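Reproduced below: upload18.txt, with compact mmCIF, C-alpha atoms (C1' of nucleotides).
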# COMPACT_ATOMS: atom_id res chain seq x y z
CA MET A 1 22.46 26.90 -24.36
CA THR A 2 19.98 28.15 -21.80
CA SER A 3 21.38 27.46 -18.36
CA PRO A 4 23.71 24.89 -16.85
CA LYS A 5 21.00 22.89 -15.10
CA ARG A 6 17.72 21.61 -16.53
CA PRO A 7 18.56 21.80 -20.21
CA VAL A 8 15.84 22.48 -22.77
CA GLN A 9 13.63 23.63 -19.87
CA ARG A 10 13.08 27.21 -18.78
CA ARG A 11 14.67 28.18 -15.49
CA LEU A 12 12.43 27.72 -12.45
CA ARG A 13 11.19 30.60 -10.41
CA ALA A 14 12.91 30.87 -7.02
CA ASP A 15 9.96 29.68 -4.95
CA ALA A 16 9.27 26.88 -7.40
CA ALA A 17 12.80 25.58 -7.08
CA ARG A 18 12.61 25.76 -3.31
CA ASN A 19 9.32 23.86 -3.25
CA ARG A 20 10.56 21.25 -5.65
CA ALA A 21 13.56 20.58 -3.46
CA ALA A 22 11.42 20.41 -0.34
CA ILE A 23 9.06 17.94 -1.98
CA LEU A 24 11.92 15.69 -3.01
CA ALA A 25 13.47 15.80 0.45
CA VAL A 26 10.20 15.03 2.18
CA THR A 27 9.43 12.21 -0.23
CA GLU A 28 12.83 10.67 0.38
CA ALA A 29 12.18 10.68 4.11
CA LEU A 30 8.67 9.31 3.79
CA LEU A 31 9.85 6.61 1.43
CA ALA A 32 12.22 5.39 4.10
CA GLU A 33 9.53 5.58 6.77
CA GLN A 34 6.53 4.10 5.02
CA GLY A 35 7.67 2.62 1.74
CA PRO A 36 6.06 3.31 -1.61
CA SER A 37 2.56 3.50 -0.21
CA LEU A 38 3.18 6.94 1.25
CA SER A 39 0.41 9.42 0.45
CA THR A 40 0.91 12.46 -1.74
CA GLU A 41 -1.21 14.47 0.62
CA GLU A 42 1.24 13.87 3.44
CA VAL A 43 4.11 14.80 1.16
CA ALA A 44 2.38 18.10 0.48
CA ARG A 45 1.60 18.73 4.11
CA ARG A 46 5.12 18.03 5.34
CA ALA A 47 6.67 20.05 2.55
CA GLY A 48 4.43 22.96 3.44
CA VAL A 49 2.76 23.17 0.04
CA GLY A 50 -0.60 22.29 -1.47
CA VAL A 51 -1.26 19.04 -3.30
CA GLY A 52 -1.62 20.99 -6.51
CA THR A 53 2.00 22.05 -6.24
CA VAL A 54 3.18 18.49 -5.84
CA PHE A 55 1.34 17.42 -8.96
CA ARG A 56 2.55 20.37 -11.01
CA HIS A 57 6.13 19.38 -10.32
CA PHE A 58 5.55 15.66 -10.74
CA PRO A 59 2.60 14.71 -12.90
CA THR A 60 2.21 11.41 -11.14
CA LYS A 61 3.03 9.81 -7.83
CA GLU A 62 5.04 7.19 -9.65
CA ARG A 63 7.13 9.85 -11.38
CA LEU A 64 7.81 11.47 -8.03
CA LEU A 65 9.02 8.23 -6.51
CA VAL A 66 11.08 7.34 -9.52
CA THR A 67 12.72 10.76 -9.49
CA VAL A 68 13.71 10.35 -5.87
CA VAL A 69 15.09 6.88 -6.36
CA ARG A 70 16.96 7.83 -9.48
CA ALA A 71 18.64 10.72 -7.71
CA ARG A 72 19.79 8.35 -5.01
CA LEU A 73 21.07 5.82 -7.48
CA GLU A 74 23.09 8.53 -9.15
CA ARG A 75 24.60 9.52 -5.83
CA LEU A 76 25.44 5.87 -5.22
CA THR A 77 27.17 5.56 -8.55
CA ALA A 78 29.22 8.65 -7.79
CA GLN A 79 30.20 7.06 -4.49
CA ALA A 80 31.28 3.89 -6.24
CA ASP A 81 33.42 5.86 -8.63
CA ALA A 82 34.96 7.89 -5.83
CA VAL A 83 35.84 4.78 -3.88
CA ALA A 84 37.54 3.31 -6.92
CA ALA A 85 40.49 5.57 -6.14
CA ILE A 86 41.32 3.41 -3.13
CA PRO A 87 44.23 1.13 -4.15
CA ASP A 88 44.08 -2.60 -3.75
CA GLY A 89 40.89 -4.61 -4.05
CA SER A 90 39.55 -3.26 -0.81
CA ALA A 91 37.72 -0.52 -2.66
CA LEU A 92 34.69 -2.77 -2.81
CA PHE A 93 34.56 -3.12 0.93
CA ALA A 94 34.94 0.60 1.36
CA LEU A 95 31.89 1.05 -0.84
CA PHE A 96 29.92 -1.39 1.25
CA ALA A 97 30.76 0.43 4.44
CA ALA A 98 30.01 3.81 2.90
CA VAL A 99 26.72 2.76 1.43
CA ILE A 100 25.53 1.22 4.65
CA GLU A 101 26.50 4.18 6.70
CA HIS A 102 25.31 6.86 4.36
CA THR A 103 22.71 6.31 1.75
CA ALA A 104 19.60 5.02 3.31
CA SER A 105 17.43 2.65 1.37
CA THR A 106 18.09 3.25 -2.30
CA PRO A 107 18.45 -0.26 -3.60
CA ALA A 108 16.03 -1.59 -1.07
CA VAL A 109 13.52 0.92 -2.24
CA HIS A 110 14.21 0.12 -5.84
CA HIS A 111 13.40 -3.46 -5.09
CA ALA A 112 10.32 -2.49 -3.16
CA LEU A 113 9.18 -0.36 -6.06
CA SER A 114 9.47 -3.10 -8.62
CA THR A 115 7.85 -5.55 -6.27
CA ALA A 116 4.99 -3.13 -5.84
CA GLY A 117 4.60 -3.03 -9.59
CA VAL A 118 5.71 0.56 -9.91
CA ASP A 119 8.34 -0.50 -12.36
CA GLY A 120 9.53 2.65 -14.09
CA GLU A 121 12.15 0.51 -15.76
CA ASP A 122 12.49 3.01 -18.56
CA VAL A 123 13.41 5.85 -16.27
CA LEU A 124 15.33 3.90 -13.68
CA GLY A 125 16.88 1.48 -16.09
CA ALA A 126 19.69 3.77 -17.16
CA ALA A 127 20.63 4.91 -13.65
CA MET A 128 20.50 1.32 -12.47
CA ALA A 129 22.66 0.08 -15.29
CA GLU A 130 25.25 2.73 -14.54
CA PHE A 131 25.43 1.74 -10.91
CA MET A 132 25.74 -1.92 -11.78
CA ALA A 133 28.55 -1.10 -14.18
CA ALA A 134 30.43 0.84 -11.50
CA LEU A 135 29.89 -2.01 -9.06
CA GLU A 136 31.07 -4.56 -11.60
CA ARG A 137 34.31 -2.68 -12.11
CA LEU A 138 34.96 -2.85 -8.37
CA VAL A 139 34.11 -6.52 -8.13
CA ARG A 140 36.33 -7.47 -11.03
CA ARG A 141 39.24 -5.49 -9.66
CA ALA A 142 38.85 -7.12 -6.27
CA GLN A 143 38.73 -10.55 -7.86
CA ASP A 144 41.81 -9.82 -9.96
CA ALA A 145 43.60 -8.81 -6.79
CA ALA A 146 42.46 -12.11 -5.26
CA VAL A 147 40.67 -10.30 -2.46
CA VAL A 148 37.21 -11.51 -3.39
CA ARG A 149 36.25 -15.09 -4.13
CA PRO A 150 35.96 -15.76 -7.84
CA ASP A 151 32.60 -17.52 -7.82
CA VAL A 152 30.45 -14.50 -7.00
CA THR A 153 29.03 -12.24 -9.67
CA VAL A 154 27.97 -8.61 -9.51
CA ALA A 155 24.40 -9.72 -9.13
CA GLU A 156 25.12 -11.54 -5.87
CA VAL A 157 27.23 -8.70 -4.58
CA PHE A 158 24.37 -6.35 -5.32
CA ASP A 159 21.89 -8.58 -3.55
CA LEU A 160 24.08 -8.80 -0.50
CA LEU A 161 24.49 -5.06 -0.50
CA VAL A 162 20.73 -4.67 -0.59
CA ALA A 163 20.45 -7.15 2.22
CA LEU A 164 22.90 -5.22 4.36
CA VAL A 165 21.07 -1.99 3.72
CA HIS A 166 17.92 -3.72 4.91
CA VAL A 167 19.64 -4.80 8.08
CA ALA A 168 21.15 -1.38 8.63
CA GLU A 169 17.77 0.24 8.20
CA ARG A 170 16.07 -2.03 10.61
CA ARG A 171 18.70 -1.92 13.31
CA GLY A 172 19.91 1.61 12.93
CA ARG A 173 22.74 2.64 10.72
CA GLY A 174 25.52 2.79 13.26
CA SER A 175 24.31 -0.16 15.32
CA GLN A 176 26.51 -3.00 16.37
CA GLY A 177 24.23 -5.46 14.63
CA ALA A 178 24.69 -3.72 11.31
CA GLN A 179 28.46 -3.67 11.79
CA ILE A 180 28.62 -7.35 12.58
CA ALA A 181 26.39 -8.28 9.68
CA LEU A 182 28.65 -6.23 7.44
CA ARG A 183 31.71 -8.04 8.77
CA VAL A 184 30.09 -11.43 8.22
CA VAL A 185 29.30 -10.66 4.62
CA VAL A 186 32.69 -9.11 3.94
CA ASP A 187 34.43 -12.13 5.42
CA GLY A 188 32.20 -14.38 3.40
CA LEU A 189 33.08 -12.55 0.24
CA GLY A 190 36.79 -12.92 0.88
CA VAL A 191 38.79 -15.74 -0.69
CA ARG A 192 38.72 -18.84 1.44
CA PRO A 193 42.09 -20.11 2.65
CA GLY A 194 41.33 -23.77 2.06
CA ALA A 195 39.84 -23.42 -1.43
CA MET B 1 -13.64 -30.52 26.60
CA THR B 2 -15.26 -29.88 23.24
CA SER B 3 -12.95 -31.05 20.47
CA PRO B 4 -9.22 -31.49 19.98
CA LYS B 5 -8.81 -28.49 17.65
CA ARG B 6 -10.07 -24.93 18.23
CA PRO B 7 -10.69 -25.12 21.93
CA VAL B 8 -13.50 -23.12 23.49
CA GLN B 9 -14.87 -22.63 19.96
CA ARG B 10 -17.59 -24.73 18.38
CA ARG B 11 -16.45 -27.02 15.59
CA LEU B 12 -16.67 -25.55 12.08
CA ARG B 13 -19.07 -26.83 9.50
CA ALA B 14 -17.37 -28.79 6.72
CA ASP B 15 -17.72 -26.13 4.03
CA ALA B 16 -16.65 -23.42 6.44
CA ALA B 17 -13.45 -25.28 7.25
CA ARG B 18 -12.77 -25.80 3.56
CA ASN B 19 -13.27 -22.13 2.81
CA ARG B 20 -11.14 -21.03 5.70
CA ALA B 21 -8.27 -23.18 4.50
CA ALA B 22 -8.65 -21.90 0.93
CA ILE B 23 -8.61 -18.30 2.12
CA LEU B 24 -5.45 -18.87 4.11
CA ALA B 25 -3.72 -20.60 1.21
CA VAL B 26 -4.67 -17.90 -1.26
CA THR B 27 -3.58 -15.16 1.12
CA GLU B 28 -0.23 -16.82 1.61
CA ALA B 29 0.31 -16.88 -2.14
CA LEU B 30 -0.83 -13.31 -2.65
CA LEU B 31 1.33 -12.11 0.20
CA ALA B 32 4.35 -13.51 -1.58
CA GLU B 33 3.26 -12.00 -4.88
CA GLN B 34 2.15 -8.53 -3.87
CA GLY B 35 3.13 -7.96 -0.29
CA PRO B 36 0.81 -6.69 2.42
CA SER B 37 -1.09 -4.38 0.10
CA LEU B 38 -2.96 -7.28 -1.46
CA SER B 39 -6.70 -6.68 -1.69
CA THR B 40 -9.23 -8.68 0.23
CA GLU B 41 -11.47 -8.76 -2.80
CA GLU B 42 -8.82 -10.60 -4.78
CA VAL B 43 -8.38 -13.02 -1.91
CA ALA B 44 -12.09 -13.74 -2.07
CA ARG B 45 -12.14 -14.12 -5.83
CA ARG B 46 -9.17 -16.48 -5.97
CA ALA B 47 -10.48 -18.52 -3.09
CA GLY B 48 -13.82 -18.84 -4.85
CA VAL B 49 -15.83 -17.23 -2.05
CA GLY B 50 -17.55 -13.91 -1.44
CA VAL B 51 -15.95 -11.07 0.48
CA GLY B 52 -18.44 -11.57 3.25
CA THR B 53 -17.02 -15.01 3.86
CA VAL B 54 -13.50 -13.68 4.17
CA PHE B 55 -14.59 -11.17 6.77
CA ARG B 56 -16.63 -13.66 8.74
CA HIS B 57 -13.55 -15.83 9.16
CA PHE B 58 -11.18 -12.93 9.78
CA PRO B 59 -12.75 -9.76 11.15
CA THR B 60 -10.04 -7.60 9.71
CA LYS B 61 -7.49 -7.69 6.92
CA GLU B 62 -4.75 -7.28 9.48
CA ARG B 63 -5.95 -10.30 11.39
CA LEU B 64 -5.94 -12.33 8.22
CA LEU B 65 -2.36 -11.37 7.43
CA VAL B 66 -1.22 -11.94 10.96
CA THR B 67 -2.83 -15.37 11.02
CA VAL B 68 -1.02 -16.38 7.86
CA VAL B 69 2.33 -15.12 9.07
CA ARG B 70 1.93 -16.72 12.46
CA ALA B 71 1.18 -20.08 10.89
CA ARG B 72 4.35 -19.81 8.87
CA LEU B 73 6.41 -18.81 11.86
CA GLU B 74 5.15 -21.84 13.67
CA ARG B 75 6.15 -24.08 10.79
CA LEU B 76 9.56 -22.45 10.83
CA THR B 77 9.99 -23.10 14.50
CA ALA B 78 9.12 -26.73 13.95
CA GLN B 79 11.73 -26.87 11.22
CA ALA B 80 14.33 -25.40 13.55
CA ASP B 81 13.53 -28.00 16.18
CA ALA B 82 13.62 -30.81 13.64
CA VAL B 83 17.00 -29.71 12.36
CA ALA B 84 18.39 -29.67 15.88
CA ALA B 85 18.65 -33.45 15.62
CA ILE B 86 21.55 -33.06 13.22
CA PRO B 87 24.75 -33.65 15.21
CA ASP B 88 27.56 -31.17 15.26
CA GLY B 89 27.11 -27.45 14.90
CA SER B 90 26.11 -27.72 11.30
CA ALA B 91 22.47 -27.87 12.29
CA LEU B 92 22.28 -24.12 11.90
CA PHE B 93 23.44 -24.27 8.32
CA ALA B 94 20.96 -26.99 7.57
CA LEU B 95 18.22 -24.72 8.83
CA PHE B 96 19.41 -21.93 6.60
CA ALA B 97 19.35 -24.12 3.55
CA ALA B 98 15.96 -25.58 4.43
CA VAL B 99 14.39 -22.23 5.11
CA ILE B 100 15.65 -20.75 1.90
CA GLU B 101 14.56 -23.68 -0.18
CA HIS B 102 11.22 -24.21 1.44
CA THR B 103 9.38 -21.61 3.33
CA ALA B 104 8.86 -18.60 1.18
CA SER B 105 8.86 -15.22 2.74
CA THR B 106 7.87 -15.60 6.35
CA PRO B 107 10.41 -13.44 8.09
CA ALA B 108 10.60 -11.07 5.16
CA VAL B 109 6.89 -10.66 5.33
CA HIS B 110 7.00 -10.17 9.03
CA HIS B 111 9.43 -7.36 8.48
CA ALA B 112 7.31 -5.90 5.71
CA LEU B 113 4.29 -6.02 7.98
CA SER B 114 5.90 -4.13 10.80
CA THR B 115 7.37 -1.64 8.36
CA ALA B 116 3.92 -1.11 6.92
CA GLY B 117 2.68 -0.39 10.40
CA VAL B 118 0.54 -3.49 10.63
CA ASP B 119 2.31 -4.45 13.81
CA GLY B 120 0.21 -7.17 15.39
CA GLU B 121 2.97 -7.53 17.98
CA ASP B 122 0.53 -9.00 20.45
CA VAL B 123 -0.49 -11.80 18.19
CA LEU B 124 2.80 -12.40 16.46
CA GLY B 125 4.94 -11.73 19.48
CA ALA B 126 4.63 -15.17 20.97
CA ALA B 127 5.23 -17.07 17.74
CA MET B 128 8.15 -14.84 16.96
CA ALA B 129 9.68 -15.31 20.39
CA GLU B 130 9.42 -19.06 20.04
CA PHE B 131 11.19 -19.03 16.72
CA MET B 132 13.92 -16.80 18.06
CA ALA B 133 14.38 -19.13 21.00
CA ALA B 134 14.74 -22.12 18.70
CA LEU B 135 17.20 -20.20 16.55
CA GLU B 136 19.17 -19.13 19.59
CA ARG B 137 19.57 -22.71 20.71
CA LEU B 138 21.06 -23.58 17.33
CA VAL B 139 23.38 -20.60 17.31
CA ARG B 140 24.69 -21.31 20.77
CA ARG B 141 25.31 -24.94 19.99
CA ALA B 142 27.17 -24.01 16.82
CA GLN B 143 29.27 -21.52 18.72
CA ASP B 144 30.04 -24.04 21.44
CA ALA B 145 31.18 -26.44 18.74
CA ALA B 146 33.36 -23.64 17.39
CA VAL B 147 31.65 -23.82 14.03
CA VAL B 148 30.23 -20.32 14.15
CA ARG B 149 32.16 -17.18 15.06
CA PRO B 150 31.52 -16.05 18.61
CA ASP B 151 30.83 -12.40 17.91
CA VAL B 152 27.48 -12.84 16.19
CA THR B 153 24.23 -12.91 18.13
CA VAL B 154 20.88 -14.45 17.27
CA ALA B 155 19.69 -11.09 16.09
CA GLU B 156 22.32 -10.87 13.37
CA VAL B 157 21.78 -14.44 12.35
CA PHE B 158 18.10 -13.73 12.04
CA ASP B 159 18.72 -10.63 9.97
CA LEU B 160 21.02 -12.52 7.64
CA LEU B 161 18.44 -15.25 7.30
CA VAL B 162 15.85 -12.67 6.36
CA ALA B 163 18.28 -11.18 3.88
CA LEU B 164 18.87 -14.54 2.24
CA VAL B 165 15.16 -15.18 1.98
CA HIS B 166 14.87 -11.85 0.22
CA VAL B 167 17.56 -12.83 -2.24
CA ALA B 168 16.03 -16.24 -2.78
CA GLU B 169 12.65 -14.70 -3.44
CA ARG B 170 13.95 -12.23 -5.94
CA ARG B 171 16.15 -14.63 -7.85
CA GLY B 172 14.16 -17.79 -7.60
CA ARG B 173 14.50 -20.32 -4.86
CA GLY B 174 16.75 -22.79 -6.59
CA SER B 175 18.76 -20.21 -8.51
CA GLN B 176 22.53 -20.18 -8.60
CA GLY B 177 22.52 -16.63 -7.24
CA ALA B 178 20.63 -17.70 -4.15
CA GLN B 179 22.98 -20.63 -3.62
CA ILE B 180 26.07 -18.48 -3.89
CA ALA B 181 24.66 -15.84 -1.58
CA LEU B 182 23.93 -18.61 0.90
CA ARG B 183 27.48 -19.88 0.65
CA VAL B 184 28.90 -16.42 1.16
CA VAL B 185 26.89 -15.89 4.31
CA VAL B 186 27.61 -19.35 5.67
CA ASP B 187 31.32 -18.90 5.06
CA GLY B 188 31.15 -15.49 6.68
CA LEU B 189 29.47 -16.98 9.73
CA GLY B 190 32.17 -19.62 10.12
CA VAL B 191 35.06 -19.13 12.49
CA ARG B 192 37.93 -17.34 10.79
CA PRO B 193 41.25 -19.19 10.73
CA GLY B 194 43.38 -16.13 11.53
CA ALA B 195 41.27 -14.74 14.33
C1' DC C 1 6.00 50.51 -9.48
C1' DA C 2 3.11 48.25 -12.95
C1' DT C 3 2.58 44.32 -15.62
C1' DT C 4 2.36 39.69 -16.49
C1' DA C 5 3.22 35.01 -16.70
C1' DA C 6 4.55 31.55 -13.66
C1' DA C 7 3.40 29.23 -9.61
C1' DC C 8 0.38 28.49 -5.79
C1' DG C 9 -3.47 26.34 -2.61
C1' DG C 10 -7.04 23.48 -1.74
C1' DA C 11 -11.99 22.34 -2.73
C1' DG C 12 -13.75 18.99 -5.79
C1' DT C 13 -13.93 14.35 -8.68
C1' DG C 14 -13.67 9.64 -9.66
C1' DT C 15 -11.90 5.40 -8.14
C1' DT C 16 -10.32 1.98 -5.12
C1' DT C 17 -10.69 -0.41 -0.80
C1' DA C 18 -11.81 -2.30 3.75
C1' DC C 19 -15.72 -3.62 5.88
C1' DT C 20 -21.22 -4.27 6.84
C1' DC C 21 -25.76 -6.12 6.21
C1' DC C 22 -29.15 -9.17 5.13
C1' DG C 23 -31.86 -12.34 2.29
C1' DC C 24 -30.67 -16.89 0.51
C1' DT C 25 -28.33 -21.62 0.66
C1' DT C 26 -26.59 -25.68 2.77
C1' DG C 27 -24.57 -28.90 6.11
C1' DT C 28 -26.05 -31.28 10.25
C1' DC C 29 -28.68 -34.07 13.16
C1' DA C 30 -32.86 -36.24 14.84
C1' DT D 1 -36.34 -36.14 5.16
C1' DG D 2 -37.53 -32.01 7.58
C1' DA D 3 -36.14 -28.18 10.56
C1' DC D 4 -32.91 -24.99 11.65
C1' DA D 5 -28.81 -22.82 12.78
C1' DA D 6 -24.52 -22.06 10.60
C1' DG D 7 -22.64 -20.29 6.73
C1' DC D 8 -22.81 -17.96 2.31
C1' DG D 9 -22.65 -14.17 -1.55
C1' DG D 10 -22.39 -9.73 -3.06
C1' DA D 11 -24.74 -5.13 -3.26
C1' DG D 12 -23.96 -1.23 -0.46
C1' DT D 13 -21.26 2.29 2.68
C1' DA D 14 -17.73 5.21 4.19
C1' DA D 15 -13.07 6.52 4.07
C1' DA D 16 -8.75 7.18 1.70
C1' DC D 17 -6.61 8.00 -2.23
C1' DA D 18 -4.50 9.98 -6.73
C1' DC D 19 -5.27 13.54 -9.50
C1' DT D 20 -7.82 18.09 -11.69
C1' DC D 21 -9.35 22.82 -11.95
C1' DC D 22 -9.34 27.43 -11.32
C1' DG D 23 -9.38 31.78 -8.72
C1' DT D 24 -5.61 33.96 -6.11
C1' DT D 25 -0.79 35.14 -5.05
C1' DT D 26 3.92 36.26 -6.17
C1' DA D 27 8.54 36.49 -8.38
C1' DA D 28 10.63 38.50 -12.23
C1' DT D 29 11.43 42.30 -15.48
C1' DG D 30 11.04 47.03 -17.73

Can the structure in the file be given as structure tokens, please?
Amino acid sequence: MTSPKRPVQRRLRADAARNRAAILAVTEALLAEQGPSLSTEEVARRAGVGVGTVFRHFPTKERLLVTVVRARLERLTAQADAVAAIPDGSALFALFAAVIEHTASTPAVHHALSTAGVDGEDVLGAAMAEFMAALERLVRRAQDAAVVRPDVTVAEVFDLLVALVHVAERRGRGSQGAQIALRVVVDGLGVRPGA
Amino acid sequence: MTSPKRPVQRRLRADAARNRAAILAVTEALLAEQGPSLSTEEVARRAGVGVGTVFRHFPTKERLLVTVVRARLERLTAQADAVAAIPDGSALFALFAAVIEHTASTPAVHHALSTAGVDGEDVLGAAMAEFMAALERLVRRAQDAAVVRPDVTVAEVFDLLVALVHVAERRGRGSQGAQIALRVVVDGLGVRPGA
DNA sequence: CATTAAACGGAGTGTTTACTCCGCTTGTCA
DNA sequence: TGACAAGCGGAGTAAACACTCCGTTTAATG
């Protein structure tokens, strides 16, 4: 009943909103560059604010990271849903291509985070589950259309997607290497003629 | 002219050699568990030595990590050479399977290291180049035998191998998920019937 | 404008971490 | 077995880090 965004919470002052956005953007970039061991001080410096400001917006470094990753996961889910409009079973492949080209390291980072013990399962859990559900819908549809081999599960598809994002990150998003790796995986996911 | 191992250097005392080996083993395990941000103190504790001992053997944490990774790379290269004895072009696939089942995270860790800015190119460079050379031999042979599609290069094969190691690590080495992901990639690497 | 609460910056705090130093222990060899 | 260099342990040091506190600034509102 207050305002469209940020329910229950008072509306942010203009400068506060601007700073918050800057902090999130900078953190996203740093996360891609340095992984979860990025320093809050550098976040503050690059965002043009003091450390105090960073910690007022996000009480903890972990919360900051989790917020960034969750936002990305939500964008990914939206992408998966959008792609579902594509007919046939090729929607899944469209998602792969889109993810690799667009959204940097979301799932890779998610993995890195949990590996690093950051966890945040509670906060990320929901966003993650939603994405997996969207992905599962695509996989099932593609399998029903006999475009994807029946022995893979969403889990494997997810892993391979993560893997491709890794490759794309390392080699550059538009690189030939990333394209070829994508093609290899897509071909591998397809139904085999002799089986 | 001194002794077969460790040329130019004096031979290690028995306890020193034992400790050195323990430190390397513990570091390898910790690297798999926690990544490159493992603490030297924990290395010392788990190896049953003092921190001083760790730093006498390896002047720097980076050197310790690089030594571990290099040793693994060398083992990998040996594996690639061993597998080359397998006839046909299927040697490459044998290597994939072996690597995934056996050697934990070598290339993944190498990637993590460079991402984390540890670099060590000078020290790792040679070992890495050797492995790539061995891998390239296998790829070329497989392509000559028309078992592997001609548009992939060693670089992509390497990336996919890294990706599979990632998957294997996350899901457990013998897991069904890892096996299926392996099959998908291997099938994707094969020559396509219609192209 | 004047008022005021929200937001800000950055010096300061406590903790963790890589690495050093040095007095003690132990393997080696005659 | 004795002498001694090689090796050891772990308290100590400095730097980096996440996070706090509070005096100052600034956007919002009448």

> Near A:Leu189, counting all atoms listed in the file, which residues have an atom at most 7 Å away, once you skip same-chain residues fewer than 6 positions from it, shown as a VMD selection string?
Replying inline: (chain A and resid 148 to 149) or (chain B and resid 184)

>> Could you tell me which residues of chain A sit within 7 Å of chain C when counting only C-alpha atoms (C1' of nucleotides), and give me the result as a VMD selection string?
In response: chain A and resid 16 50 52 to 53

>> Please check the contacts: residues of chain D at most 12 Å away from chain A, using all atoms listed in the file, listed as JSON, numbers by chain.
In response: {"D": [16, 17, 18, 19, 20, 21, 22, 26, 27, 28]}

>> Should the cut-off be 8 Å, what would the residue list for chain A against chain B look like, counting all atoms listed in the file, as a count of residues only?
In response: 26

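Proximity to B:Thr77 was assessed for B:Arg173, B:Arg46, B:Arg63, B:Arg137 counting only C-alpha atoms; the smallest distance is recorded for B:Arg137.
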
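Atom CA of A:Leu12 sits 21.7 Å away from atom CA of A:Arg45.
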
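Between atom CA of B:Arg140 and atom CA of B:Phe96 lies a distance of 15.1 Å.
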
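Interatomic distance, atom CA of A:Val69 to atom CA of A:Ile100: 16.2 Å.
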